[in-house]
file start35.pdb (PDB, C-alpha atoms, pLDDT in the B column)
ATOM      1  CA  LYS L   1    -133.475 -54.981 105.587  1.00 81.00           C
ATOM      2  CA  GLN L   2    -134.940 -51.855 104.097  1.00 83.00           C
ATOM      3  CA  GLU L   3    -132.388 -49.329 102.864  1.00 89.00           C
ATOM      4  CA  VAL L   4    -133.201 -45.854 101.621  1.00 94.00           C
ATOM      5  CA  THR L   5    -130.756 -44.014  99.384  1.00 95.00           C
ATOM      6  CA  GLN L   6    -130.751 -40.434  98.228  1.00 96.00           C
ATOM      7  CA  ILE L   7    -128.437 -39.415  95.428  1.00 93.00           C
ATOM      8  CA  PRO L   8    -126.817 -36.954  95.048  1.00 92.00           C
ATOM      9  CA  ALA L   9    -125.857 -36.032  98.596  1.00 94.00           C
ATOM     10  CA  ALA L  10    -125.556 -32.389  97.558  1.00 96.00           C
ATOM     11  CA  LEU L  11    -126.844 -30.329  94.654  1.00 95.00           C
ATOM     12  CA  SER L  12    -126.400 -26.695  93.547  1.00 96.00           C
ATOM     13  CA  VAL L  13    -128.857 -25.222  91.057  1.00 96.00           C
ATOM     14  CA  PRO L  14    -129.327 -21.670  89.682  1.00 97.00           C
ATOM     15  CA  GLU L  15    -132.450 -19.881  90.835  1.00 97.00           C
ATOM     16  CA  GLY L  16    -135.476 -20.377  88.611  1.00 97.00           C
ATOM     17  CA  GLU L  17    -134.587 -23.846  87.404  1.00 97.00           C
ATOM     18  CA  ASN L  18    -136.771 -26.884  87.850  1.00 97.00           C
ATOM     19  CA  LEU L  19    -135.115 -29.773  89.646  1.00 96.00           C
ATOM     20  CA  VAL L  20    -135.660 -33.358  90.690  1.00 96.00           C
ATOM     21  CA  LEU L  21    -134.505 -35.057  93.869  1.00 97.00           C
ATOM     22  CA  ASN L  22    -134.291 -38.828  93.958  1.00 97.00           C
ATOM     23  CA  CYS L  23    -135.059 -41.417  96.592  1.00 97.00           C
ATOM     24  CA  SER L  24    -134.683 -45.170  96.159  1.00 96.00           C
ATOM     25  CA  PHE L  25    -135.601 -48.003  98.504  1.00 95.00           C
ATOM     26  CA  THR L  26    -134.764 -51.688  98.438  1.00 91.00           C
ATOM     27  CA  ASP L  27    -137.999 -53.261  99.712  1.00 87.00           C
ATOM     28  CA  SER L  28    -141.078 -52.352  97.675  1.00 84.00           C
ATOM     29  CA  ALA L  29    -143.474 -53.560 100.397  1.00 85.00           C
ATOM     30  CA  ILE L  30    -143.958 -50.137 101.950  1.00 84.00           C
ATOM     31  CA  TYR L  31    -147.068 -48.414 103.230  1.00 85.00           C
ATOM     32  CA  ASN L  32    -146.259 -44.765 102.715  1.00 91.00           C
ATOM     33  CA  LEU L  33    -143.419 -42.514 101.695  1.00 94.00           C
ATOM     34  CA  GLN L  34    -142.877 -39.064 103.109  1.00 95.00           C
ATOM     35  CA  TRP L  35    -140.695 -36.161 102.004  1.00 97.00           C
ATOM     36  CA  PHE L  36    -139.325 -33.732 104.573  1.00 96.00           C
ATOM     37  CA  ARG L  37    -137.369 -30.537 104.533  1.00 97.00           C
ATOM     38  CA  GLN L  38    -134.792 -29.678 107.188  1.00 96.00           C
ATOM     39  CA  ASP L  39    -133.197 -26.277 107.589  1.00 95.00           C
ATOM     40  CA  PRO L  40    -129.810 -26.056 109.378  1.00 90.00           C
ATOM     41  CA  GLY L  41    -130.191 -26.457 113.136  1.00 87.00           C
ATOM     42  CA  LYS L  42    -133.932 -27.040 112.842  1.00 89.00           C
ATOM     43  CA  GLY L  43    -136.386 -29.893 112.999  1.00 91.00           C
ATOM     44  CA  LEU L  44    -138.010 -31.658 110.076  1.00 94.00           C
ATOM     45  CA  THR L  45    -140.923 -30.131 108.225  1.00 93.00           C
ATOM     46  CA  SER L  46    -143.284 -32.476 106.433  1.00 93.00           C
ATOM     47  CA  LEU L  47    -143.681 -31.637 102.745  1.00 96.00           C
ATOM     48  CA  LEU L  48    -145.680 -34.453 101.200  1.00 95.00           C
ATOM     49  CA  LEU L  49    -146.911 -37.909 102.154  1.00 93.00           C
ATOM     50  CA  ILE L  50    -147.672 -40.409  99.401  1.00 93.00           C
ATOM     51  CA  GLN L  51    -149.752 -43.399 100.371  1.00 90.00           C
ATOM     52  CA  SER L  52    -148.835 -46.758  98.865  1.00 87.00           C
ATOM     53  CA  SER L  53    -151.944 -46.732  96.672  1.00 89.00           C
ATOM     54  CA  GLN L  54    -151.095 -43.324  95.212  1.00 90.00           C
ATOM     55  CA  ARG L  55    -148.735 -42.446  92.373  1.00 92.00           C
ATOM     56  CA  GLU L  56    -148.142 -38.805  93.213  1.00 94.00           C
ATOM     57  CA  GLN L  57    -148.947 -35.861  95.457  1.00 94.00           C
ATOM     58  CA  THR L  58    -148.733 -32.153  94.755  1.00 96.00           C
ATOM     59  CA  SER L  59    -148.401 -29.114  96.986  1.00 95.00           C
ATOM     60  CA  GLY L  60    -147.741 -25.764  95.374  1.00 96.00           C
ATOM     61  CA  ARG L  61    -144.446 -25.946  93.464  1.00 97.00           C
ATOM     62  CA  LEU L  62    -143.726 -29.435  94.793  1.00 97.00           C
ATOM     63  CA  ASN L  63    -144.706 -32.716  93.192  1.00 97.00           C
ATOM     64  CA  ALA L  64    -143.732 -36.088  94.582  1.00 97.00           C
ATOM     65  CA  SER L  65    -144.120 -39.354  92.695  1.00 96.00           C
ATOM     66  CA  LEU L  66    -143.944 -42.936  93.862  1.00 95.00           C
ATOM     67  CA  ASP L  67    -143.159 -46.069  91.860  1.00 94.00           C
ATOM     68  CA  LYS L  68    -143.210 -48.954  94.303  1.00 91.00           C
ATOM     69  CA  SER L  69    -142.365 -51.601  91.734  1.00 91.00           C
ATOM     70  CA  SER L  70    -139.075 -49.954  90.887  1.00 93.00           C
ATOM     71  CA  GLY L  71    -138.422 -48.767  94.443  1.00 93.00           C
ATOM     72  CA  ARG L  72    -138.208 -45.108  93.530  1.00 95.00           C
ATOM     73  CA  SER L  73    -139.652 -41.761  94.471  1.00 97.00           C
ATOM     74  CA  THR L  74    -138.887 -38.331  93.074  1.00 97.00           C
ATOM     75  CA  LEU L  75    -139.505 -34.849  94.429  1.00 97.00           C
ATOM     76  CA  TYR L  76    -139.920 -32.272  91.689  1.00 97.00           C
ATOM     77  CA  ILE L  77    -139.429 -28.622  92.617  1.00 97.00           C
ATOM     78  CA  ALA L  78    -140.595 -26.099  90.037  1.00 97.00           C
ATOM     79  CA  ALA L  79    -139.120 -22.623  89.578  1.00 97.00           C
ATOM     80  CA  SER L  80    -136.605 -22.969  92.401  1.00 97.00           C
ATOM     81  CA  GLN L  81    -136.021 -20.071  94.803  1.00 96.00           C
ATOM     82  CA  PRO L  82    -133.192 -19.297  97.255  1.00 95.00           C
ATOM     83  CA  GLY L  83    -135.612 -20.070 100.080  1.00 96.00           C
ATOM     84  CA  ASP L  84    -135.760 -23.662  98.852  1.00 97.00           C
ATOM     85  CA  SER L  85    -132.182 -24.168 100.033  1.00 97.00           C
ATOM     86  CA  ALA L  86    -132.306 -26.894 102.676  1.00 97.00           C
ATOM     87  CA  THR L  87    -131.730 -30.607 103.162  1.00 97.00           C
ATOM     88  CA  TYR L  88    -134.489 -32.798 101.761  1.00 98.00           C
ATOM     89  CA  LEU L  89    -135.093 -36.210 103.291  1.00 97.00           C
ATOM     90  CA  CYS L  90    -137.298 -39.040 102.205  1.00 96.00           C
ATOM     91  CA  ALA L  91    -138.598 -41.716 104.555  1.00 95.00           C
ATOM     92  CA  VAL L  92    -140.441 -44.963 103.939  1.00 93.00           C
ATOM     93  CA  TYR L  93    -142.989 -46.546 106.262  1.00 89.00           C
ATOM     94  CA  ARG L  94    -143.356 -50.274 106.833  1.00 82.00           C
ATOM     95  CA  ASP L  95    -145.379 -51.606 109.779  1.00 75.00           C
ATOM     96  CA  ASP L  96    -144.152 -49.764 112.852  1.00 71.00           C
ATOM     97  CA  LYS L  97    -140.873 -48.643 111.322  1.00 78.00           C
ATOM     98  CA  ILE L  98    -139.865 -45.605 109.375  1.00 86.00           C
ATOM     99  CA  ILE L  99    -136.517 -45.626 107.581  1.00 90.00           C
ATOM    100  CA  PHE L 100    -134.909 -42.366 106.511  1.00 93.00           C
ATOM    101  CA  GLY L 101    -132.527 -41.603 103.714  1.00 95.00           C
ATOM    102  CA  LYS L 102    -129.518 -39.451 104.560  1.00 94.00           C
ATOM    103  CA  GLY L 103    -130.841 -36.558 102.538  1.00 96.00           C
ATOM    104  CA  THR L 104    -129.895 -34.329  99.650  1.00 97.00           C
ATOM    105  CA  ARG L 105    -128.473 -30.928 100.579  1.00 96.00           C
ATOM    106  CA  LEU L 106    -129.882 -28.447  98.084  1.00 97.00           C
ATOM    107  CA  HIS L 107    -128.375 -25.025  97.443  1.00 97.00           C
ATOM    108  CA  ILE L 108    -130.187 -22.601  95.150  1.00 97.00           C
ATOM    109  CA  LEU L 109    -127.807 -20.049  93.693  1.00 95.00           C
ATOM    110  CA  PRO L 110    -129.239 -16.494  93.493  1.00 90.00           C
TER     111      PRO L 110
ATOM    112  CA  ASP O   1    -147.197 -26.478 112.993  1.00 55.00           C
ATOM    113  CA  ALA O   2    -148.102 -29.467 115.109  1.00 64.00           C
ATOM    114  CA  GLY O   3    -147.979 -28.691 118.834  1.00 92.00           C
ATOM    115  CA  ILE O   4    -144.788 -30.450 119.832  1.00 95.00           C
ATOM    116  CA  THR O   5    -142.251 -29.094 122.274  1.00 96.00           C
ATOM    117  CA  GLN O   6    -139.016 -30.588 123.520  1.00 97.00           C
ATOM    118  CA  SER O   7    -137.105 -29.731 126.650  1.00 97.00           C
ATOM    119  CA  PRO O   8    -134.404 -28.883 127.225  1.00 97.00           C
ATOM    120  CA  ARG O   9    -133.376 -27.572 123.800  1.00 96.00           C
ATOM    121  CA  HIS O  10    -129.691 -27.742 124.657  1.00 97.00           C
ATOM    122  CA  LYS O  11    -127.861 -29.697 127.321  1.00 97.00           C
ATOM    123  CA  VAL O  12    -124.249 -30.382 128.210  1.00 97.00           C
ATOM    124  CA  THR O  13    -123.617 -33.176 130.663  1.00 97.00           C
ATOM    125  CA  GLU O  14    -120.757 -35.315 131.892  1.00 97.00           C
ATOM    126  CA  THR O  15    -120.128 -38.969 131.142  1.00 97.00           C
ATOM    127  CA  GLY O  16    -121.889 -41.251 133.590  1.00 97.00           C
ATOM    128  CA  THR O  17    -124.659 -38.863 134.618  1.00 97.00           C
ATOM    129  CA  PRO O  18    -128.348 -39.614 134.019  1.00 96.00           C
ATOM    130  CA  VAL O  19    -130.209 -37.422 131.543  1.00 97.00           C
ATOM    131  CA  THR O  20    -133.915 -37.148 130.784  1.00 98.00           C
ATOM    132  CA  LEU O  21    -135.334 -35.461 127.717  1.00 98.00           C
ATOM    133  CA  ARG O  22    -138.991 -34.545 127.524  1.00 98.00           C
ATOM    134  CA  CYS O  23    -141.365 -34.421 124.581  1.00 98.00           C
ATOM    135  CA  HIS O  24    -144.760 -32.797 125.033  1.00 98.00           C
ATOM    136  CA  GLN O  25    -147.603 -32.727 122.492  1.00 97.00           C
ATOM    137  CA  THR O  26    -150.933 -30.953 122.411  1.00 97.00           C
ATOM    138  CA  GLU O  27    -152.368 -32.896 119.441  1.00 94.00           C
ATOM    139  CA  ASN O  28    -153.611 -35.957 121.356  1.00 95.00           C
ATOM    140  CA  HIS O  29    -151.813 -38.218 118.876  1.00 95.00           C
ATOM    141  CA  ARG O  30    -151.487 -41.856 119.856  1.00 95.00           C
ATOM    142  CA  TYR O  31    -147.989 -42.505 118.525  1.00 95.00           C
ATOM    143  CA  MET O  32    -144.828 -40.808 119.750  1.00 96.00           C
ATOM    144  CA  TYR O  33    -141.241 -41.427 118.672  1.00 96.00           C
ATOM    145  CA  TRP O  34    -137.688 -40.617 119.706  1.00 97.00           C
ATOM    146  CA  TYR O  35    -134.969 -40.334 117.052  1.00 97.00           C
ATOM    147  CA  ARG O  36    -131.347 -39.363 117.054  1.00 97.00           C
ATOM    148  CA  GLN O  37    -129.660 -37.616 114.150  1.00 96.00           C
ATOM    149  CA  ASP O  38    -125.933 -37.969 113.532  1.00 94.00           C
ATOM    150  CA  PRO O  39    -123.722 -36.986 110.608  1.00 88.00           C
ATOM    151  CA  GLY O  40    -123.216 -39.943 108.307  1.00 83.00           C
ATOM    152  CA  HIS O  41    -126.032 -41.934 109.892  1.00 86.00           C
ATOM    153  CA  GLY O  42    -129.047 -39.780 109.320  1.00 86.00           C
ATOM    154  CA  LEU O  43    -132.116 -40.193 111.501  1.00 92.00           C
ATOM    155  CA  ARG O  44    -132.466 -43.412 113.482  1.00 93.00           C
ATOM    156  CA  LEU O  45    -135.344 -44.557 115.643  1.00 93.00           C
ATOM    157  CA  ILE O  46    -134.536 -45.107 119.322  1.00 96.00           C
ATOM    158  CA  HIS O  47    -137.906 -46.014 120.875  1.00 96.00           C
ATOM    159  CA  TYR O  48    -141.523 -45.373 120.135  1.00 95.00           C
ATOM    160  CA  SER O  49    -144.848 -45.487 121.964  1.00 96.00           C
ATOM    161  CA  TYR O  50    -148.247 -46.556 120.673  1.00 94.00           C
ATOM    162  CA  GLY O  51    -150.210 -45.550 123.755  1.00 94.00           C
ATOM    163  CA  VAL O  52    -149.940 -44.783 127.445  1.00 95.00           C
ATOM    164  CA  LYS O  53    -147.512 -47.258 129.003  1.00 93.00           C
ATOM    165  CA  ASP O  54    -147.076 -48.998 125.603  1.00 95.00           C
ATOM    166  CA  THR O  55    -143.586 -48.709 124.181  1.00 96.00           C
ATOM    167  CA  ASP O  56    -141.261 -50.635 121.902  1.00 94.00           C
ATOM    168  CA  LYS O  57    -137.629 -50.570 120.807  1.00 94.00           C
ATOM    169  CA  GLY O  58    -136.290 -49.058 117.647  1.00 92.00           C
ATOM    170  CA  GLU O  59    -133.099 -49.510 115.713  1.00 89.00           C
ATOM    171  CA  VAL O  60    -130.689 -48.008 118.293  1.00 94.00           C
ATOM    172  CA  SER O  61    -132.302 -48.570 121.701  1.00 95.00           C
ATOM    173  CA  ASP O  62    -129.270 -49.748 123.708  1.00 96.00           C
ATOM    174  CA  GLY O  63    -128.455 -47.317 126.523  1.00 96.00           C
ATOM    175  CA  TYR O  64    -131.862 -45.635 126.376  1.00 98.00           C
ATOM    176  CA  SER O  65    -135.148 -46.120 128.175  1.00 97.00           C
ATOM    177  CA  VAL O  66    -138.507 -44.407 127.718  1.00 98.00           C
ATOM    178  CA  SER O  67    -141.698 -43.849 129.620  1.00 97.00           C
ATOM    179  CA  ARG O  68    -145.144 -42.605 128.754  1.00 97.00           C
ATOM    180  CA  SER O  69    -147.473 -42.101 131.700  1.00 96.00           C
ATOM    181  CA  LYS O  70    -149.708 -39.582 129.903  1.00 96.00           C
ATOM    182  CA  THR O  71    -150.811 -39.252 126.288  1.00 96.00           C
ATOM    183  CA  GLU O  72    -149.105 -35.894 125.949  1.00 97.00           C
ATOM    184  CA  ASP O  73    -145.676 -36.709 127.407  1.00 98.00           C
ATOM    185  CA  PHE O  74    -142.939 -39.071 126.240  1.00 98.00           C
ATOM    186  CA  LEU O  75    -139.690 -39.156 128.191  1.00 98.00           C
ATOM    187  CA  LEU O  76    -136.323 -40.411 126.969  1.00 98.00           C
ATOM    188  CA  THR O  77    -133.778 -41.330 129.643  1.00 98.00           C
ATOM    189  CA  LEU O  78    -130.088 -41.988 129.304  1.00 97.00           C
ATOM    190  CA  GLU O  79    -129.332 -43.885 132.501  1.00 93.00           C
ATOM    191  CA  SER O  80    -125.591 -43.253 132.312  1.00 96.00           C
ATOM    192  CA  ALA O  81    -124.657 -40.922 129.472  1.00 97.00           C
ATOM    193  CA  THR O  82    -121.698 -41.773 127.230  1.00 97.00           C
ATOM    194  CA  SER O  83    -119.855 -39.657 124.667  1.00 97.00           C
ATOM    195  CA  SER O  84    -121.357 -41.793 121.888  1.00 96.00           C
ATOM    196  CA  GLN O  85    -124.760 -40.432 122.871  1.00 98.00           C
ATOM    197  CA  THR O  86    -123.766 -36.911 121.900  1.00 98.00           C
ATOM    198  CA  SER O  87    -126.339 -36.162 119.227  1.00 97.00           C
ATOM    199  CA  VAL O  88    -129.407 -34.203 118.250  1.00 97.00           C
ATOM    200  CA  TYR O  89    -132.561 -35.864 119.533  1.00 98.00           C
ATOM    201  CA  PHE O  90    -135.918 -35.405 117.835  1.00 97.00           C
ATOM    202  CA  CYS O  91    -139.360 -36.301 119.018  1.00 97.00           C
ATOM    203  CA  ALA O  92    -142.135 -37.013 116.532  1.00 95.00           C
ATOM    204  CA  ILE O  93    -145.849 -37.760 116.730  1.00 95.00           C
ATOM    205  CA  SER O  94    -148.436 -39.370 114.474  1.00 92.00           C
ATOM    206  CA  GLU O  95    -152.123 -40.207 114.689  1.00 91.00           C
ATOM    207  CA  SER O  96    -151.617 -43.842 113.874  1.00 85.00           C
ATOM    208  CA  GLN O  97    -149.120 -46.357 112.586  1.00 80.00           C
ATOM    209  CA  ASN O  98    -147.847 -45.442 109.117  1.00 78.00           C
ATOM    210  CA  TYR O  99    -149.528 -42.041 109.286  1.00 83.00           C
ATOM    211  CA  GLU O 100    -147.720 -38.791 108.610  1.00 87.00           C
ATOM    212  CA  GLN O 101    -145.191 -37.915 111.297  1.00 90.00           C
ATOM    213  CA  TYR O 102    -144.630 -34.434 112.701  1.00 92.00           C
ATOM    214  CA  PHE O 103    -141.370 -33.488 114.329  1.00 94.00           C
ATOM    215  CA  GLY O 104    -140.387 -31.358 117.282  1.00 95.00           C
ATOM    216  CA  PRO O 105    -137.594 -28.761 117.194  1.00 94.00           C
ATOM    217  CA  GLY O 106    -134.933 -31.099 118.616  1.00 96.00           C
ATOM    218  CA  THR O 107    -132.620 -31.243 121.622  1.00 97.00           C
ATOM    219  CA  ARG O 108    -128.878 -30.907 121.160  1.00 97.00           C
ATOM    220  CA  LEU O 109    -127.146 -33.079 123.762  1.00 98.00           C
ATOM    221  CA  THR O 110    -123.410 -32.986 124.371  1.00 98.00           C
ATOM    222  CA  VAL O 111    -121.799 -35.547 126.656  1.00 97.00           C
ATOM    223  CA  THR O 112    -118.291 -34.561 127.746  1.00 96.00           C
TER     224      THR O 112
END

call {"tool": "encode", "arguments": {"input": "start35.pdb", "output": "structure tokens"}}
result
Amino acid sequence: KQEVTQIPAALSVPEGENLVLNCSFTDSAIYNLQWFRQDPGKGLTSLLLIQSSQREQTSGRLNASLDKSSGRSTLYIAASQPGDSATYLCAVYRDDKIIFGKGTRLHILP
Amino acid sequence: DAGITQSPRHKVTETGTPVTLRCHQTENHRYMYWYRQDPGHGLRLIHYSYGVKDTDKGEVSDGYSVSRSKTEDFLLTLESATSSQTSVYFCAISESQNYEQYFGPGTRLTVT
């Protein structure tokens, strides 16, 4: 059974720092991996989708990498801002299923 | 933002009553999904649809049924609501299997 883990569950970082969020999964036979952002009381916003044949994807200050063989993905956020404060979730796709991690709650300190 | 709406956005109901949540999309995507989000459990798939009248169960389908009579609408029904179904329910859509999913704003359901 596929399990997706995100550690740490919460993270506080001073504004301006670069940071890395981690996502690990137990079954490397995945199709895609997607990173989301969720603000309190809101829905999920898609940040980046990495296809299984890709190693990384970039969007603005965000860079996501995927290493299927080791069952890991990272989300790199450059020059963090207070507006980046949110919960970040990763999700892996396999066939008709998508399995979510429980998220990392990120707080950027002004 | 993808054109996804959910109704109602908030609902309080009593144990044993039927409840129907609606998801409406304007993107003409083939796949639609219902999830619930609970503290400590994260997001879990309830049911999904891969076309009109084509649906399948997810991880936590007991106590829920779905219907999709039109491409744009996907209904989630709790036949007899229980307190354990108090949760935030999200609808999502995607063009195809394993494609990027887009989420609606959610429905907060409280069963008293």

call {"tool": "atom_distance", "arguments": {"input": "start35.pdb", "atom1": "CA of Thr71 in chain O", "atom2": "CA of Ser52 in chain L"}}
result
28.5 Å

call {"tool": "residues_around", "arguments": {"input": "start35.pdb", "residues": "Ser85 in chain L", "least_positions_apart": "3", "cutoff": "9 Å", "atoms": "all atoms listed in the file", "output": "ChimeraX atom specification"}}
result
/L:39,80-82,105-109

call {"tool": "interface_residues", "arguments": {"input": "start35.pdb", "of": "chain L", "to": "chain O", "cutoff": "6 Å", "atoms": "only C-alpha atoms", "output": "list in words"}}
result
Lys42, Gly43, Leu44, Tyr93 and Lys102 of chain L

call {"tool": "resolve_selection", "arguments": {"input": "start35.pdb", "expression": "the PyMOL selection byres ((chain O and resi 28) around 9)", "output": "MDAnalysis selection string"}}
result
chainID O and resid 25:27 29:30 71:72 95

call {"tool": "resolve_selection", "arguments": {"input": "start35.pdb", "expression": "the PyMOL selection byres ((chain O and resi 82) around 10)", "output": "PyMOL selection string"}}
result
chain O and resi 13-18+63+78-81+83-86+110-112

call {"tool": "resolve_selection", "arguments": {"input": "start35.pdb", "expression": "the PyMOL selection byres ((chain L and resi 66-75) around 9)", "output": "PyMOL selection string"}}
result
chain L and resi 19-30+33+35+50-52+54-57+62-65+76-77+90

call {"tool": "atom_distance", "arguments": {"input": "start35.pdb", "atom1": "CA of Ile98 in chain L", "atom2": "CA of Gly83 in chain L"}}
result
27.5 Å

call {"tool": "atom_distance", "arguments": {"input": "start35.pdb", "atom1": "CA of Leu76 in chain O", "atom2": "CA of Trp34 in chain O"}}
result
7.4 Å

call {"tool": "residues_around", "arguments": {"input": "start35.pdb", "residues": "Thr77 in chain O", "least_positions_apart": "3", "cutoff": "6 Å", "atoms": "all atoms listed in the file", "output": "number ranges by chain"}}
result
O: 19-20, 64-66

call {"tool": "write_last_selection", "arguments": {"input": "start35.pdb", "atoms": "C-alpha atoms", "output": "PDB file, in the coordinates of the input"}}
result
ATOM      1  CA  VAL O  19    -130.209 -37.422 131.543  1.00 97.00           C
ATOM      2  CA  THR O  20    -133.915 -37.148 130.784  1.00 98.00           C
ATOM      3  CA  TYR O  64    -131.862 -45.635 126.376  1.00 98.00           C
ATOM      4  CA  SER O  65    -135.148 -46.120 128.175  1.00 97.00           C
ATOM      5  CA  VAL O  66    -138.507 -44.407 127.718  1.00 98.00           C
TER       6      VAL O  66
END

call {"tool": "build_atoms", "arguments": {"input": "start35.pdb", "residues": "range 52-66 of chain O", "atoms": "N, CA, C and O atoms", "output": "compact mmCIF listing (two decimals), in the frame of the given file"}}
result
# COMPACT_ATOMS: atom_id res chain seq x y z
N VAL O 52 -150.42 -44.95 126.08
CA VAL O 52 -149.94 -44.78 127.44
C VAL O 52 -149.43 -46.12 127.96
O VAL O 52 -150.11 -47.14 127.87
N LYS O 53 -148.21 -46.09 128.45
CA LYS O 53 -147.51 -47.26 129.00
C LYS O 53 -147.16 -48.32 127.95
O LYS O 53 -146.64 -49.38 128.31
N ASP O 54 -147.41 -48.05 126.68
CA ASP O 54 -147.08 -49.00 125.60
C ASP O 54 -145.91 -48.46 124.79
O ASP O 54 -146.04 -47.45 124.09
N THR O 55 -144.77 -49.16 124.90
CA THR O 55 -143.59 -48.71 124.18
C THR O 55 -142.89 -49.90 123.53
O THR O 55 -143.12 -51.06 123.90
N ASP O 56 -142.01 -49.58 122.57
CA ASP O 56 -141.26 -50.64 121.90
C ASP O 56 -139.93 -50.06 121.44
O ASP O 56 -139.77 -48.84 121.32
N LYS O 57 -138.97 -50.99 121.19
CA LYS O 57 -137.63 -50.57 120.81
C LYS O 57 -137.55 -50.25 119.33
O LYS O 57 -138.25 -50.83 118.50
N GLY O 58 -136.61 -49.35 119.03
CA GLY O 58 -136.29 -49.06 117.65
C GLY O 58 -134.94 -49.62 117.28
O GLY O 58 -134.46 -50.59 117.87
N GLU O 59 -134.35 -49.01 116.29
CA GLU O 59 -133.10 -49.51 115.71
C GLU O 59 -131.90 -49.37 116.66
O GLU O 59 -131.00 -50.22 116.66
N VAL O 60 -131.87 -48.30 117.47
CA VAL O 60 -130.69 -48.01 118.29
C VAL O 60 -131.10 -47.77 119.74
O VAL O 60 -130.85 -46.71 120.32
N SER O 61 -131.71 -48.75 120.37
CA SER O 61 -132.30 -48.57 121.70
C SER O 61 -131.33 -48.81 122.86
O SER O 61 -131.63 -48.41 124.00
N ASP O 62 -130.20 -49.44 122.62
CA ASP O 62 -129.27 -49.75 123.71
C ASP O 62 -128.80 -48.47 124.40
O ASP O 62 -128.35 -47.53 123.76
N GLY O 63 -128.90 -48.47 125.74
CA GLY O 63 -128.46 -47.32 126.52
C GLY O 63 -129.54 -46.29 126.77
O GLY O 63 -129.30 -45.29 127.44
N TYR O 64 -130.73 -46.56 126.23
CA TYR O 64 -131.86 -45.64 126.38
C TYR O 64 -133.08 -46.36 126.95
O TYR O 64 -133.30 -47.52 126.66
N SER O 65 -133.85 -45.62 127.74
CA SER O 65 -135.15 -46.12 128.18
C SER O 65 -136.17 -45.01 127.99
O SER O 65 -135.82 -43.84 127.87
N VAL O 66 -137.44 -45.39 127.92
CA VAL O 66 -138.51 -44.41 127.72
C VAL O 66 -139.66 -44.70 128.66
O VAL O 66 -139.80 -45.79 129.21
